[in-house]
file run_13.cif (mmCIF, C-alpha atoms and all ligand atoms)
data_upload
#
loop_
_atom_site.label_atom_id
_atom_site.label_comp_id
_atom_site.auth_asym_id
_atom_site.auth_seq_id
_atom_site.Cartn_x
_atom_site.Cartn_y
_atom_site.Cartn_z
CA MET A 1 18.74 37.48 -21.72
CA ASP A 2 20.89 38.27 -18.70
CA LEU A 3 21.37 35.11 -16.67
CA ARG A 4 22.98 36.81 -13.70
CA ASP A 5 20.95 37.47 -10.54
CA GLY A 6 19.56 41.02 -10.29
CA PRO A 7 19.37 42.68 -6.84
CA GLU A 8 15.89 41.21 -6.17
CA ASP A 9 17.09 37.75 -7.20
CA VAL A 10 20.05 38.04 -4.83
CA ALA A 11 17.69 38.92 -1.97
CA PHE A 12 15.38 36.04 -2.86
CA ARG A 13 18.31 33.60 -3.05
CA HIS A 14 19.43 34.69 0.42
CA GLU A 15 15.93 34.19 1.77
CA VAL A 16 15.80 30.64 0.40
CA ARG A 17 19.27 29.87 1.74
CA ARG A 18 18.40 31.23 5.17
CA PHE A 19 15.23 29.17 5.37
CA LEU A 20 17.02 25.99 4.33
CA ALA A 21 19.95 26.61 6.69
CA GLU A 22 17.57 27.06 9.62
CA HIS A 23 15.15 24.23 8.88
CA LEU A 24 17.08 21.56 6.99
CA VAL A 25 18.44 20.04 10.20
CA GLY A 26 17.99 16.89 12.29
CA GLU A 27 16.04 14.08 10.65
CA PHE A 28 15.58 16.13 7.46
CA ALA A 29 19.29 16.72 6.98
CA GLU A 30 19.95 13.06 7.79
CA LEU A 31 18.09 12.05 4.62
CA GLY A 32 21.08 13.44 2.74
CA GLY A 33 19.02 14.72 -0.17
CA ARG A 34 17.53 11.32 -0.91
CA GLY A 35 13.95 10.51 -1.88
CA GLY A 36 14.10 12.02 -5.36
CA SER A 37 13.22 10.49 -8.68
CA GLY A 38 13.64 6.71 -8.61
CA ASP A 39 14.11 6.79 -4.85
CA GLU A 40 10.61 7.84 -3.81
CA THR A 41 10.12 5.18 -1.18
CA PHE A 42 13.14 6.37 0.85
CA GLY A 43 12.32 8.13 4.13
CA PHE A 44 8.76 8.74 3.06
CA GLU A 45 7.31 9.62 6.48
CA VAL A 46 10.16 12.03 7.25
CA ARG A 47 9.74 13.63 3.84
CA ARG A 48 6.02 14.06 4.53
CA ARG A 49 6.90 15.91 7.71
CA TRP A 50 9.41 17.99 5.74
CA GLU A 51 6.63 18.96 3.34
CA LYS A 52 4.71 20.43 6.30
CA VAL A 53 7.81 22.41 7.32
CA LEU A 54 8.08 23.81 3.79
CA ALA A 55 4.36 24.62 3.79
CA LYS A 56 4.57 26.44 7.10
CA GLY A 57 7.38 28.58 5.73
CA GLY A 58 5.38 29.33 2.55
CA TRP A 59 7.77 27.33 0.33
CA THR A 60 5.27 24.98 -1.32
CA CYS A 61 3.40 25.86 -4.51
CA LEU A 62 5.76 28.72 -5.25
CA GLY A 63 4.54 29.35 -8.78
CA TRP A 64 0.83 29.35 -7.96
CA PRO A 65 -0.77 32.80 -7.97
CA VAL A 66 -1.16 34.44 -4.56
CA THR A 67 -4.94 34.50 -5.11
CA HIS A 68 -4.87 30.69 -5.14
CA GLY A 69 -2.72 30.42 -2.05
CA GLY A 70 0.64 30.25 -3.81
CA ARG A 71 3.61 32.56 -3.50
CA GLY A 72 3.22 34.08 -6.95
CA ALA A 73 6.92 33.47 -7.59
CA THR A 74 8.29 34.44 -10.98
CA MET A 75 9.86 31.77 -13.14
CA GLY A 76 13.29 33.15 -12.22
CA GLU A 77 12.48 32.79 -8.52
CA GLN A 78 11.29 29.23 -9.04
CA VAL A 79 14.57 28.43 -10.76
CA ILE A 80 16.51 30.00 -7.88
CA PHE A 81 14.48 28.07 -5.31
CA ASN A 82 15.09 24.78 -7.12
CA GLU A 83 18.79 25.51 -7.52
CA GLU A 84 19.21 26.30 -3.84
CA TYR A 85 17.06 23.35 -2.85
CA ALA A 86 19.26 20.97 -4.86
CA ARG A 87 22.46 22.64 -3.66
CA ALA A 88 21.43 22.30 -0.01
CA GLY A 89 20.74 18.59 -0.52
CA ALA A 90 17.13 18.89 0.61
CA PRO A 91 14.97 15.76 0.35
CA GLY A 92 12.83 14.72 -2.64
CA ARG A 93 9.39 16.29 -2.53
CA VAL A 94 6.39 14.04 -1.83
CA ASN A 95 3.63 15.79 -3.78
CA VAL A 96 5.05 16.70 -7.17
CA MET A 97 1.85 15.47 -8.86
CA GLY A 98 -0.41 17.61 -6.67
CA GLU A 99 1.70 20.73 -6.68
CA GLY A 100 3.14 20.58 -10.20
CA LEU A 101 0.38 18.90 -12.20
CA LEU A 102 -3.07 18.93 -10.63
CA GLY A 103 -2.79 22.31 -8.88
CA PRO A 104 -1.96 24.31 -12.05
CA THR A 105 -4.62 22.35 -13.95
CA LEU A 106 -7.29 23.28 -11.39
CA ILE A 107 -6.12 26.89 -11.39
CA HIS A 108 -6.67 26.98 -15.17
CA TYR A 109 -9.72 24.71 -15.58
CA GLY A 110 -11.24 24.03 -12.13
CA THR A 111 -14.41 25.56 -10.72
CA PRO A 112 -14.13 27.95 -7.75
CA GLU A 113 -15.52 25.15 -5.54
CA GLN A 114 -12.92 22.65 -6.81
CA ARG A 115 -10.11 25.11 -6.17
CA ALA A 116 -11.42 25.89 -2.69
CA ARG A 117 -11.71 22.18 -1.86
CA PHE A 118 -8.50 20.81 -3.39
CA LEU A 119 -5.82 23.51 -3.53
CA PRO A 120 -5.36 24.20 0.22
CA PRO A 121 -4.63 20.57 1.21
CA ILE A 122 -2.05 20.34 -1.61
CA ARG A 123 -0.38 23.52 -0.43
CA GLU A 124 -0.36 22.34 3.20
CA GLY A 125 1.01 18.91 2.27
CA ASP A 126 -2.12 17.21 3.64
CA GLU A 127 -3.36 15.43 0.51
CA LEU A 128 -1.11 13.61 -1.95
CA TRP A 129 -2.07 12.92 -5.57
CA CYS A 130 -1.33 10.43 -8.31
CA GLN A 131 -1.91 10.51 -12.07
CA GLY A 132 -4.29 7.94 -13.58
CA TYR A 133 -3.64 8.23 -17.29
CA SER A 134 -1.82 5.16 -18.65
CA GLU A 135 -3.54 1.82 -19.21
CA PRO A 136 -2.25 -1.47 -20.59
CA ASP A 137 -3.27 -0.34 -24.13
CA ALA A 138 -3.06 3.41 -23.65
CA GLY A 139 0.39 4.81 -22.97
CA SER A 140 1.83 6.83 -25.84
CA ASP A 141 -1.58 6.42 -27.41
CA LEU A 142 -3.47 7.98 -24.51
CA ALA A 143 -6.65 8.54 -26.53
CA ASN A 144 -7.17 4.77 -26.39
CA VAL A 145 -8.25 4.97 -22.73
CA LYS A 146 -10.89 2.36 -21.88
CA THR A 147 -11.56 2.93 -18.17
CA ARG A 148 -15.23 3.89 -17.95
CA ALA A 149 -17.30 6.01 -15.60
CA VAL A 150 -21.10 5.99 -15.58
CA ARG A 151 -23.45 8.35 -13.78
CA ASP A 152 -25.39 6.97 -10.82
CA GLY A 153 -27.40 9.79 -9.23
CA ASP A 154 -24.94 12.36 -7.97
CA GLN A 155 -21.93 10.08 -8.41
CA TRP A 156 -19.64 8.71 -11.10
CA VAL A 157 -18.96 4.98 -10.85
CA LEU A 158 -15.64 3.84 -12.35
CA SER A 159 -14.48 0.51 -13.74
CA GLY A 160 -11.25 -0.32 -15.52
CA GLN A 161 -7.51 -0.55 -15.04
CA LYS A 162 -4.69 1.97 -14.89
CA VAL A 163 -1.01 1.02 -14.94
CA TRP A 164 2.36 2.57 -14.06
CA THR A 165 0.53 4.84 -11.58
CA SER A 166 3.40 6.42 -9.64
CA LEU A 167 2.91 6.69 -5.89
CA ALA A 168 -0.71 5.44 -6.04
CA HIS A 169 0.02 3.46 -2.88
CA GLN A 170 0.70 6.70 -1.02
CA ALA A 171 -1.80 8.98 -2.70
CA ASP A 172 -5.07 10.20 -1.20
CA TRP A 173 -6.55 11.16 -4.58
CA CYS A 174 -6.05 10.33 -8.25
CA PHE A 175 -6.81 12.45 -11.31
CA VAL A 176 -8.24 9.92 -13.74
CA VAL A 177 -8.78 10.17 -17.49
CA CYS A 178 -11.75 7.95 -18.33
CA ARG A 179 -14.53 7.45 -20.85
CA THR A 180 -17.88 8.87 -19.76
CA ASP A 181 -19.61 8.73 -23.15
CA PRO A 182 -20.16 4.99 -23.76
CA GLY A 183 -20.28 5.11 -27.57
CA SER A 184 -17.28 7.41 -27.95
CA ALA A 185 -13.85 6.74 -29.41
CA ARG A 186 -10.40 8.26 -29.25
CA HIS A 187 -10.17 11.72 -27.68
CA LYS A 188 -13.93 12.37 -27.72
CA GLY A 189 -16.16 11.43 -24.77
CA LEU A 190 -13.38 11.45 -22.17
CA SER A 191 -13.59 13.11 -18.76
CA TYR A 192 -11.05 14.14 -16.14
CA LEU A 193 -12.27 12.93 -12.76
CA LEU A 194 -10.88 13.46 -9.28
CA VAL A 195 -11.23 10.17 -7.44
CA PRO A 196 -10.57 9.39 -3.74
CA MET A 197 -8.19 6.43 -3.37
CA ASP A 198 -9.30 5.23 0.06
CA GLN A 199 -12.48 3.36 -0.83
CA PRO A 200 -13.51 -0.26 -1.45
CA GLY A 201 -13.70 0.08 -5.27
CA VAL A 202 -10.00 0.94 -5.62
CA GLU A 203 -7.31 -1.72 -5.51
CA VAL A 204 -3.63 -0.75 -5.75
CA ARG A 205 -1.07 -3.42 -6.66
CA PRO A 206 2.56 -2.32 -6.49
CA ILE A 207 4.87 -3.26 -9.38
CA THR A 208 8.42 -4.18 -8.46
CA GLN A 209 10.92 -2.36 -10.66
CA LEU A 210 14.49 -2.98 -11.76
CA THR A 211 15.56 -0.93 -8.74
CA ARG A 212 13.83 -3.54 -6.50
CA THR A 213 11.56 -0.84 -5.13
CA SER A 214 7.94 -0.19 -6.07
CA GLU A 215 7.25 3.41 -6.91
CA PHE A 216 4.50 2.65 -9.35
CA ASN A 217 1.46 0.45 -9.39
CA GLU A 218 -1.43 -1.13 -11.18
CA VAL A 219 -4.70 0.50 -10.08
CA PHE A 220 -7.98 -1.35 -10.51
CA PHE A 221 -11.31 0.49 -10.35
CA ASP A 222 -14.24 -1.79 -9.68
CA GLY A 223 -17.26 0.30 -8.70
CA ALA A 224 -15.09 3.12 -7.34
CA ARG A 225 -17.11 6.29 -6.76
CA THR A 226 -16.65 10.00 -6.89
CA HIS A 227 -19.09 12.90 -6.68
CA VAL A 228 -20.37 14.33 -9.98
CA ASP A 229 -18.89 17.69 -9.04
CA ASN A 230 -15.40 16.18 -9.22
CA VAL A 231 -15.14 16.43 -13.00
CA VAL A 232 -12.66 19.06 -14.18
CA GLY A 233 -13.60 21.10 -17.26
CA GLY A 234 -16.99 19.40 -17.67
CA ALA A 235 -18.03 15.89 -18.70
CA GLY A 236 -16.70 14.99 -22.14
CA ASP A 237 -14.03 17.70 -22.04
CA GLY A 238 -11.33 15.52 -20.48
CA TRP A 239 -8.95 15.43 -23.43
CA ARG A 240 -8.35 19.19 -23.38
CA VAL A 241 -7.76 19.15 -19.62
CA ALA A 242 -5.55 16.04 -19.80
CA LEU A 243 -3.33 17.69 -22.43
CA ALA A 244 -2.99 20.80 -20.28
CA THR A 245 -1.74 18.65 -17.41
CA LEU A 246 0.75 16.99 -19.77
CA ALA A 247 2.05 20.39 -20.79
CA PHE A 248 2.71 21.16 -17.12
CA GLU A 249 4.37 17.77 -16.74
CA ARG A 250 6.73 18.36 -19.64
CA GLY A 251 7.41 21.95 -18.68
CA VAL A 252 8.03 23.58 -15.36
CA ALA A 253 7.44 20.48 -13.26
CA LEU A 254 10.54 18.88 -14.79
CA LEU A 255 12.76 21.78 -13.91
CA GLY A 256 13.39 20.79 -10.32
CA HIS A 257 14.28 17.34 -11.53
CA GLN A 258 17.17 18.36 -13.75
CA LEU A 259 18.66 20.72 -11.19
CA GLY A 260 19.79 17.74 -9.12
CA PHE A 261 21.94 16.62 -12.07
CA ARG A 262 24.76 19.00 -11.14
CA ARG A 263 25.20 17.30 -7.78
CA GLU A 264 25.17 13.91 -9.44
CA LEU A 265 27.76 14.89 -12.06
CA ASP A 266 30.00 16.33 -9.33
CA ARG A 267 29.73 13.00 -7.55
CA ILE A 268 30.69 11.09 -10.69
CA VAL A 269 33.71 13.36 -11.28
CA ALA A 270 34.79 12.87 -7.65
CA LEU A 271 34.44 9.12 -8.06
CA ALA A 272 36.60 9.17 -11.22
CA GLU A 273 39.28 11.11 -9.40
CA CYS A 274 39.11 8.77 -6.43
CA ASN A 275 39.36 5.46 -8.30
CA GLY A 276 41.79 6.65 -10.96
CA ALA A 277 39.32 6.49 -13.87
CA SER A 278 39.97 10.19 -14.48
CA ARG A 279 43.37 9.23 -15.91
CA ASP A 280 41.62 7.42 -18.77
CA PRO A 281 41.60 9.87 -21.72
CA VAL A 282 38.24 8.63 -23.02
CA VAL A 283 36.59 9.01 -19.62
CA ARG A 284 38.02 12.53 -19.32
CA GLN A 285 36.53 13.45 -22.70
CA GLN A 286 33.17 12.03 -21.73
CA LEU A 287 33.11 13.85 -18.39
CA ALA A 288 33.98 17.14 -20.06
CA GLN A 289 31.27 16.54 -22.65
CA ALA A 290 28.74 15.79 -19.90
CA HIS A 291 29.65 19.05 -18.18
CA ILE A 292 29.24 21.02 -21.42
CA GLU A 293 25.87 19.46 -22.14
CA LEU A 294 24.64 20.08 -18.60
CA THR A 295 25.62 23.74 -18.90
CA ILE A 296 23.80 24.00 -22.22
CA MET A 297 20.79 22.32 -20.62
CA ARG A 298 20.68 24.90 -17.86
CA TYR A 299 20.91 27.87 -20.22
CA ASN A 300 18.38 26.37 -22.56
CA THR A 301 15.94 25.72 -19.73
CA LEU A 302 16.28 29.25 -18.44
CA ARG A 303 15.84 30.62 -21.94
CA SER A 304 12.74 28.58 -22.72
CA LEU A 305 11.16 29.33 -19.34
CA SER A 306 11.84 33.06 -19.39
CA GLY A 307 8.69 35.02 -20.07
CA VAL A 308 6.54 31.92 -19.65
CA ASP A 309 3.63 32.01 -17.24
CA GLY A 310 1.92 28.63 -17.38
CA PRO A 311 2.66 25.41 -19.21
CA VAL A 312 5.64 25.42 -21.54
CA ALA A 313 4.40 24.74 -25.03
CA PRO A 314 5.95 22.35 -27.49
CA PRO A 315 8.42 22.30 -29.13
CA GLU A 316 10.52 23.76 -26.29
CA ALA A 317 9.08 21.33 -23.76
CA SER A 318 9.69 18.35 -26.08
CA ILE A 319 13.25 19.40 -26.86
CA ALA A 320 13.98 19.86 -23.15
CA LYS A 321 12.44 16.50 -22.19
CA LEU A 322 14.29 14.62 -24.95
CA TYR A 323 17.55 16.36 -24.11
CA TRP A 324 17.63 15.85 -20.33
CA ALA A 325 16.30 12.29 -20.37
CA SER A 326 18.86 11.21 -23.00
CA TRP A 327 21.67 13.11 -21.23
CA HIS A 328 20.92 11.47 -17.92
CA ARG A 329 20.84 8.02 -19.45
CA ARG A 330 24.27 8.54 -21.06
CA VAL A 331 25.79 10.05 -17.94
CA THR A 332 24.59 7.28 -15.65
CA GLU A 333 26.01 4.75 -18.14
CA LEU A 334 29.31 6.62 -17.91
CA ALA A 335 29.04 6.39 -14.11
CA MET A 336 28.83 2.60 -14.42
CA THR A 337 31.91 2.58 -16.69
CA ILE A 338 33.77 4.61 -14.08
CA LEU A 339 32.65 2.30 -11.29
CA GLY A 340 33.99 -0.61 -13.35
CA PRO A 341 33.46 -4.09 -11.89
CA ALA A 342 32.18 -2.46 -8.68
CA ALA A 343 29.07 -1.46 -10.64
CA THR A 344 27.92 -5.07 -10.43
CA VAL A 345 28.19 -5.28 -6.64
CA LEU A 346 25.43 -3.91 -4.41
CA ASP A 347 27.06 -1.25 -2.29
CA GLY A 348 24.10 0.40 -0.55
CA GLU A 349 22.89 -0.11 3.01
CA PRO A 350 22.14 -3.65 4.25
CA ARG A 351 18.64 -4.86 3.41
CA PRO A 352 18.14 -8.02 5.46
CA GLU A 353 14.45 -8.16 4.49
CA ASN A 354 15.32 -9.08 0.92
CA GLY A 355 18.45 -10.98 1.78
CA GLY A 356 21.07 -8.55 0.64
CA TYR A 357 22.02 -4.94 0.16
CA ALA A 358 20.37 -1.96 -1.46
CA LEU A 359 21.60 -0.39 -4.67
CA GLY A 360 24.10 2.43 -4.29
CA GLU A 361 23.02 5.91 -5.35
CA LEU A 362 24.63 5.80 -8.79
CA GLN A 363 23.47 2.26 -9.47
CA ARG A 364 19.90 3.25 -8.62
CA SER A 365 20.14 6.33 -10.78
CA PHE A 366 21.53 4.29 -13.70
CA LEU A 367 18.64 1.84 -13.56
CA PHE A 368 15.97 4.49 -13.07
CA ALA A 369 17.31 6.58 -15.95
CA ARG A 370 15.95 3.85 -18.24
CA ALA A 371 12.46 5.01 -17.22
CA GLU A 372 13.12 8.66 -17.88
CA THR A 373 13.15 8.26 -21.65
CA LEU A 374 9.63 6.80 -21.30
CA TYR A 375 7.56 8.66 -18.74
CA GLY A 376 6.24 12.13 -19.47
CA GLY A 377 6.25 11.08 -23.15
CA SER A 378 8.88 8.74 -24.61
CA ASN A 379 11.82 9.93 -26.72
CA GLU A 380 10.11 8.69 -29.88
CA ILE A 381 6.95 10.62 -29.06
CA GLN A 382 8.96 13.78 -28.38
CA ARG A 383 10.69 13.37 -31.76
CA ASN A 384 7.31 12.91 -33.43
CA ILE A 385 6.12 16.19 -31.89
CA ILE A 386 9.28 18.00 -33.00
CA GLY A 387 9.10 16.43 -36.47
CA GLU A 388 5.50 17.42 -37.01
CA ARG A 389 5.30 20.77 -35.23
CA VAL A 390 8.77 22.18 -35.90
CA LEU A 391 9.94 20.58 -39.11
CA GLY A 392 6.47 20.42 -40.61
CA LEU A 393 6.81 16.75 -41.53
CA PRO A 394 3.58 15.02 -42.51
CA SER A 395 1.69 13.40 -39.62
CA GLU A 396 2.75 9.85 -39.01
CA PRO A 397 0.40 7.26 -40.52
CA LYS A 398 -2.06 5.89 -37.96
CA ALA A 399 -2.51 2.13 -37.70
CA SER A 400 -6.23 2.55 -38.34
CA ALA A 401 -5.69 4.68 -41.48
C1 LIG B 1 8.80 5.37 -14.01
C2 LIG B 1 7.51 5.61 -14.70
C3 LIG B 1 6.50 6.28 -14.03
C4 LIG B 1 5.27 6.48 -14.65
N1 LIG B 1 4.28 7.12 -13.95
C5 LIG B 1 3.04 7.25 -14.52
C6 LIG B 1 1.97 7.81 -13.77
O1 LIG B 1 2.13 8.22 -12.62
N2 LIG B 1 0.76 7.88 -14.35
C7 LIG B 1 0.53 7.45 -15.62
O2 LIG B 1 -0.59 7.56 -16.10
N3 LIG B 1 1.53 6.90 -16.37
C8 LIG B 1 2.77 6.79 -15.82
N4 LIG B 1 3.80 6.22 -16.56
C9 LIG B 1 3.50 5.68 -17.88
C10 LIG B 1 4.12 6.47 -19.02
O3 LIG B 1 3.40 7.64 -19.26
C11 LIG B 1 4.12 5.51 -20.22
O4 LIG B 1 5.06 4.48 -19.93
C12 LIG B 1 4.50 6.18 -21.49
O5 LIG B 1 3.48 7.07 -21.89
C13 LIG B 1 4.72 5.14 -22.61
O6 LIG B 1 3.60 4.32 -22.72
P1 LIG B 1 3.74 2.72 -22.67
O7 LIG B 1 4.57 2.35 -21.51
O8 LIG B 1 2.37 2.15 -22.77
O9 LIG B 1 4.57 2.35 -23.95
P2 LIG B 1 4.02 2.28 -25.47
O10 LIG B 1 3.17 3.48 -25.75
O11 LIG B 1 3.43 0.93 -25.65
O12 LIG B 1 5.35 2.40 -26.26
C14 LIG B 1 6.27 1.32 -26.39
C15 LIG B 1 7.44 1.79 -27.26
O13 LIG B 1 6.92 2.15 -28.56
C16 LIG B 1 7.29 3.49 -28.86
N5 LIG B 1 6.19 4.16 -29.58
C17 LIG B 1 4.87 4.17 -29.19
N6 LIG B 1 4.16 4.90 -30.06
C18 LIG B 1 5.02 5.36 -31.00
C19 LIG B 1 4.88 6.17 -32.15
N7 LIG B 1 3.69 6.66 -32.50
N8 LIG B 1 5.99 6.44 -32.89
C20 LIG B 1 7.20 5.95 -32.54
N9 LIG B 1 7.40 5.16 -31.44
C21 LIG B 1 6.32 4.87 -30.69
C22 LIG B 1 7.53 4.17 -27.53
O14 LIG B 1 8.42 5.25 -27.65
C23 LIG B 1 8.13 3.03 -26.71
O15 LIG B 1 9.50 2.93 -26.94
C24 LIG B 1 5.04 6.01 -15.98
C25 LIG B 1 6.06 5.34 -16.65
C26 LIG B 1 7.29 5.14 -16.02
C27 LIG B 1 8.35 4.41 -16.78
#
call {"tool": "encode", "arguments": {"input": "run_13.cif", "output": "C-alpha cells"}}
result
Amino acid sequence: MDLRDGPEDVAFRHEVRRFLAEHLVGEFAELGGRGGSGDETFGFEVRRRWEKVLAKGGWTCLGWPVTHGGRGATMGEQVIFNEEYARAGAPGRVNVMGEGLLGPTLIHYGTPEQRARFLPPIREGDELWCQGYSEPDAGSDLANVKTRAVRDGDQWVLSGQKVWTSLAHQADWCFVVCRTDPGSARHKGLSYLLVPMDQPGVEVRPITQLTRTSEFNEVFFDGARTHVDNVVGGAGDGWRVALATLAFERGVALLGHQLGFRRELDRIVALAECNGASRDPVVRQQLAQAHIELTIMRYNTLRSLSGVDGPVAPPEASIAKLYWASWHRRVTELAMTILGPAATVLDGEPRPENGGYALGELQRSFLFARAETLYGGSNEIQRNIIGERVLGLPSEPKASA
C-alpha cells in the first residue's frame, strides 16, 4: 500500500485546506480546537454554528453515499479530511453520534422513509443524537438490556433506565436498544427504536465526571413515546442493528479521534523542552517511544481502513481500539510526569461558578483518557474478541453456564 498522496489526494487536500483557511476564522478560530473528546461542553453553541458552516460547504457526512446526501468520499479522502481538520485546530464536532453511528446504520438498515426523515437533519447539523445502549446492569453485557417498550396503537411506550448516555442533555433524539418482546431474554426480543428526547416521559440527569464537567447522563424513560415506524430493522431485530452500530463506533468513527493525538504529543514534547524535563533520559525514551507508537498507529489505521467500505470488522477494529485507548492513557500519564508538581494545580481558565479554576488541557486529557479504555468496548472486551476470533481460544465461560 502506497501511503503517499496521489494527484487526486493532493487536490482534495488543497480543497480541504482552502475551505478551512477561509472559514475557520473569528469565533470558530477562537475556540482553539477545543470541544473534542472529554471537552464536549466547551463552546457548545459556537460549535453548533460551526457545524452549520461545515454543512453549507458540504463537509459533513463525508463518507455517506451521494445518494443519501453525503459526499461519497473514499476512505483515503476521509483520512485526509480528518488530518487537515486536526492540523488546522478546528473545533470538536457536535454530532459524532448522528453522523458516525446512526447515519451509517440507517443507510444500511433503515427504511426509505426513515432515511428521508432522519438523514437530512443530521447532515445539516439540525438534529443531534445520543446513544441509548448501556444500563446499570448492561454495559459490556449489552444483551442484558431491561428497558422495555410496549405497543400502544401506533406508538411504542418506553420505560426503564439508561446510563452513561453521552450528550443526552444536548440531543434531540436517542437511538435506544430496548426489549419489545416481554418474555424474551438476552439478544432475542430486542428492538432498536428512535426516540425523541423532548417529551414529558424522558428525564435526563447529568453525571458529574472526574473532569468536573458532565458530558454523560442517566436517562429515565417513564411512558416516553415514539411512533411505531421508528423501529430500525423491524421489531425484535434490534440486536443485529445494534451490533452494526457498534462496528461503526469501533471503526471509522474513531479515526477522527486519534488524529488529534499528533497535536497533543507535539504539545507534550514542547512542554518537556520548555520545563527541562526533556533532559531526563527516561522521559526522552518515553517520548520517543510514544512517537514511534503513534506512527505505527497511523500506518495501521490506514492499512486496516484501506479497501473498507462500511464498518470495520473485528479483529482490526478491536486491535485499533485497544491500541489507541491504551496508548493515550500511557501518554497522558507521561504528560503528568513531565508537568511534575504542576500537574496537581489547576491551571485552566478561572471558573468562579465552582469556586476555582478549570483543568488545563493536558490535565483534562489525562483524566478523560481513563474513560477511553471503557467506552466503545473496554480493553478486556476487546481482548476477549481478539482471543476468541483471532486466536481461536474457547469462548469464555458465562456466569449462567
Ligand atoms: C465517557 C463514556 C461515555 C459513554 N457513552 C455512552 C453512550 O453514549 N451510550 C451508551 O450506551 N453507553 C456509553 N458509555 C458506556 C460504555 O459503553 C460502558 O461503560 C462500557 O460498555 C462498559 O460497561 P460498564 O460501564 O457497565 O462496565 P462493566 O461491563 O460492568 O465492566 C466493569 C469492568 O469489568 C470488565 N469486564 C466486564 N465483562 C468482562 C468480561 N466478560 N471479561 C473480562 N472483563 C470484563 C470490564 O472490562 C470493566 O473493566 C460510555 C462510557 C464512558 C466511560
call {"tool": "axis_aligned_box", "arguments": {"input": "run_13.cif", "around": "region 141-144 of chain A", "padding_each_side": "4 Å", "output": "JSON"}}
result
{"center_x": -4.4, "center_y": 6.7, "center_z": -26.0, "size_x": 13.6, "size_y": 11.8, "size_z": 10.9}
call {"tool": "closest_residue", "arguments": {"input": "run_13.cif", "among": "A:Ser37, A:Ser134, A:Thr373, A:Gln209", "to": "ligand LIG 1 (chain B)", "atoms": "all atoms listed in the file"}}
result
A:Ser134
call {"tool": "residues_around", "arguments": {"input": "run_13.cif", "residues": "Ile385 (chain A)", "least_positions_apart": "6", "cutoff": "10 Å", "atoms": "all atoms listed in the file", "output": "PDB file with C-alpha atoms, in the coordinates of the input"}}
result
ATOM      1  CA  PRO A 314       5.950  22.350 -27.490  1.00  0.00           C
ATOM      2  CA  PRO A 315       8.420  22.300 -29.130  1.00  0.00           C
ATOM      3  CA  SER A 318       9.690  18.350 -26.080  1.00  0.00           C
ATOM      4  CA  ILE A 319      13.250  19.400 -26.860  1.00  0.00           C
ATOM      5  CA  ASN A 379      11.820   9.930 -26.720  1.00  0.00           C
ATOM      6  CA  LEU A 391       9.940  20.580 -39.110  1.00  0.00           C
ATOM      7  CA  GLY A 392       6.470  20.420 -40.610  1.00  0.00           C
ATOM      8  CA  LEU A 393       6.810  16.750 -41.530  1.00  0.00           C
ATOM      9  CA  SER A 395       1.690  13.400 -39.620  1.00  0.00           C
TER      10      SER A 395
END
call {"tool": "atom_distance", "arguments": {"input": "run_13.cif", "atom1": "CA of Leu106 (chain A)", "atom2": "CA of Gly260 (chain A)"}}
result
27.7 Å
call {"tool": "residues_near_ligand", "arguments": {"input": "run_13.cif", "ligand": "ligand LIG 1 (chain B)", "cutoff": "6 Å", "atoms": "all atoms listed in the file", "output": "PDB file with C-alpha atoms, in the frame of the given file"}}
result
ATOM      1  CA  CYS A 130      -1.330  10.430  -8.310  1.00  0.00           C
ATOM      2  CA  GLN A 131      -1.910  10.510 -12.070  1.00  0.00           C
ATOM      3  CA  GLY A 132      -4.290   7.940 -13.580  1.00  0.00           C
ATOM      4  CA  TYR A 133      -3.640   8.230 -17.290  1.00  0.00           C
ATOM      5  CA  SER A 134      -1.820   5.160 -18.650  1.00  0.00           C
ATOM      6  CA  ALA A 138      -3.060   3.410 -23.650  1.00  0.00           C
ATOM      7  CA  GLY A 139       0.390   4.810 -22.970  1.00  0.00           C
ATOM      8  CA  SER A 140       1.830   6.830 -25.840  1.00  0.00           C
ATOM      9  CA  ASP A 141      -1.580   6.420 -27.410  1.00  0.00           C
ATOM     10  CA  TRP A 164       2.360   2.570 -14.060  1.00  0.00           C
ATOM     11  CA  THR A 165       0.530   4.840 -11.580  1.00  0.00           C
ATOM     12  CA  SER A 166       3.400   6.420  -9.640  1.00  0.00           C
ATOM     13  CA  ALA A 371      12.460   5.010 -17.220  1.00  0.00           C
ATOM     14  CA  LEU A 374       9.630   6.800 -21.300  1.00  0.00           C
ATOM     15  CA  TYR A 375       7.560   8.660 -18.740  1.00  0.00           C
ATOM     16  CA  GLY A 376       6.240  12.130 -19.470  1.00  0.00           C
ATOM     17  CA  GLY A 377       6.250  11.080 -23.150  1.00  0.00           C
ATOM     18  CA  SER A 378       8.880   8.740 -24.610  1.00  0.00           C
ATOM     19  CA  ASN A 379      11.820   9.930 -26.720  1.00  0.00           C
ATOM     20  CA  GLU A 380      10.110   8.690 -29.880  1.00  0.00           C
ATOM     21  CA  ILE A 381       6.950  10.620 -29.060  1.00  0.00           C
TER      22      ILE A 381
END
call {"tool": "atom_distance", "arguments": {"input": "run_13.cif", "atom1": "CA of Arg93 (chain A)", "atom2": "CA of Thr226 (chain A)"}}
result
27.1 Å
call {"tool": "closest_residue", "arguments": {"input": "run_13.cif", "among": "A:Val219, A:Met297, A:Ala168, A:Val53", "to": "Pro136 (chain A)", "atoms": "only C-alpha atoms"}}
result
A:Val219
call {"tool": "closest_residue", "arguments": {"input": "run_13.cif", "among": "A:Arg389, A:Lys146, A:Arg263, A:His169", "to": "Leu128 (chain A)", "atoms": "all atoms listed in the file"}}
result
A:His169
call {"tool": "atom_distance", "arguments": {"input": "run_13.cif", "atom1": "CA of Ser278 (chain A)", "atom2": "CA of Asp347 (chain A)"}}
result
21.1 Å
call {"tool": "closest_residue", "arguments": {"input": "run_13.cif", "among": "A:Ala270, A:Ala242, A:Ala21, A:Leu119", "to": "His187 (chain A)", "atoms": "all atoms listed in the file"}}
result
A:Ala242
call {"tool": "closest_residue", "arguments": {"input": "run_13.cif", "among": "A:Asp229, A:Gly189, A:Glu8, A:Pro341", "to": "Glu113 (chain A)", "atoms": "only C-alpha atoms"}}
result
A:Asp229
call {"tool": "residues_around", "arguments": {"input": "run_13.cif", "residues": "region 96-102 of chain A", "least_positions_apart": "4", "cutoff": "8 Å", "atoms": "all atoms listed in the file", "output": "number ranges by chain"}}
result
A: 60-61, 106, 122-123, 128-131, 175, 245-246, 248-249, 252-253
call {"tool": "residues_around", "arguments": {"input": "run_13.cif", "residues": "Ala55 (chain A)", "least_positions_apart": "4", "cutoff": "12 Å", "atoms": "only C-alpha atoms", "output": "PyMOL selection string"}}
result
chain A and resi 19+23+48-51+59-62+69-71+93+95+99+120-126
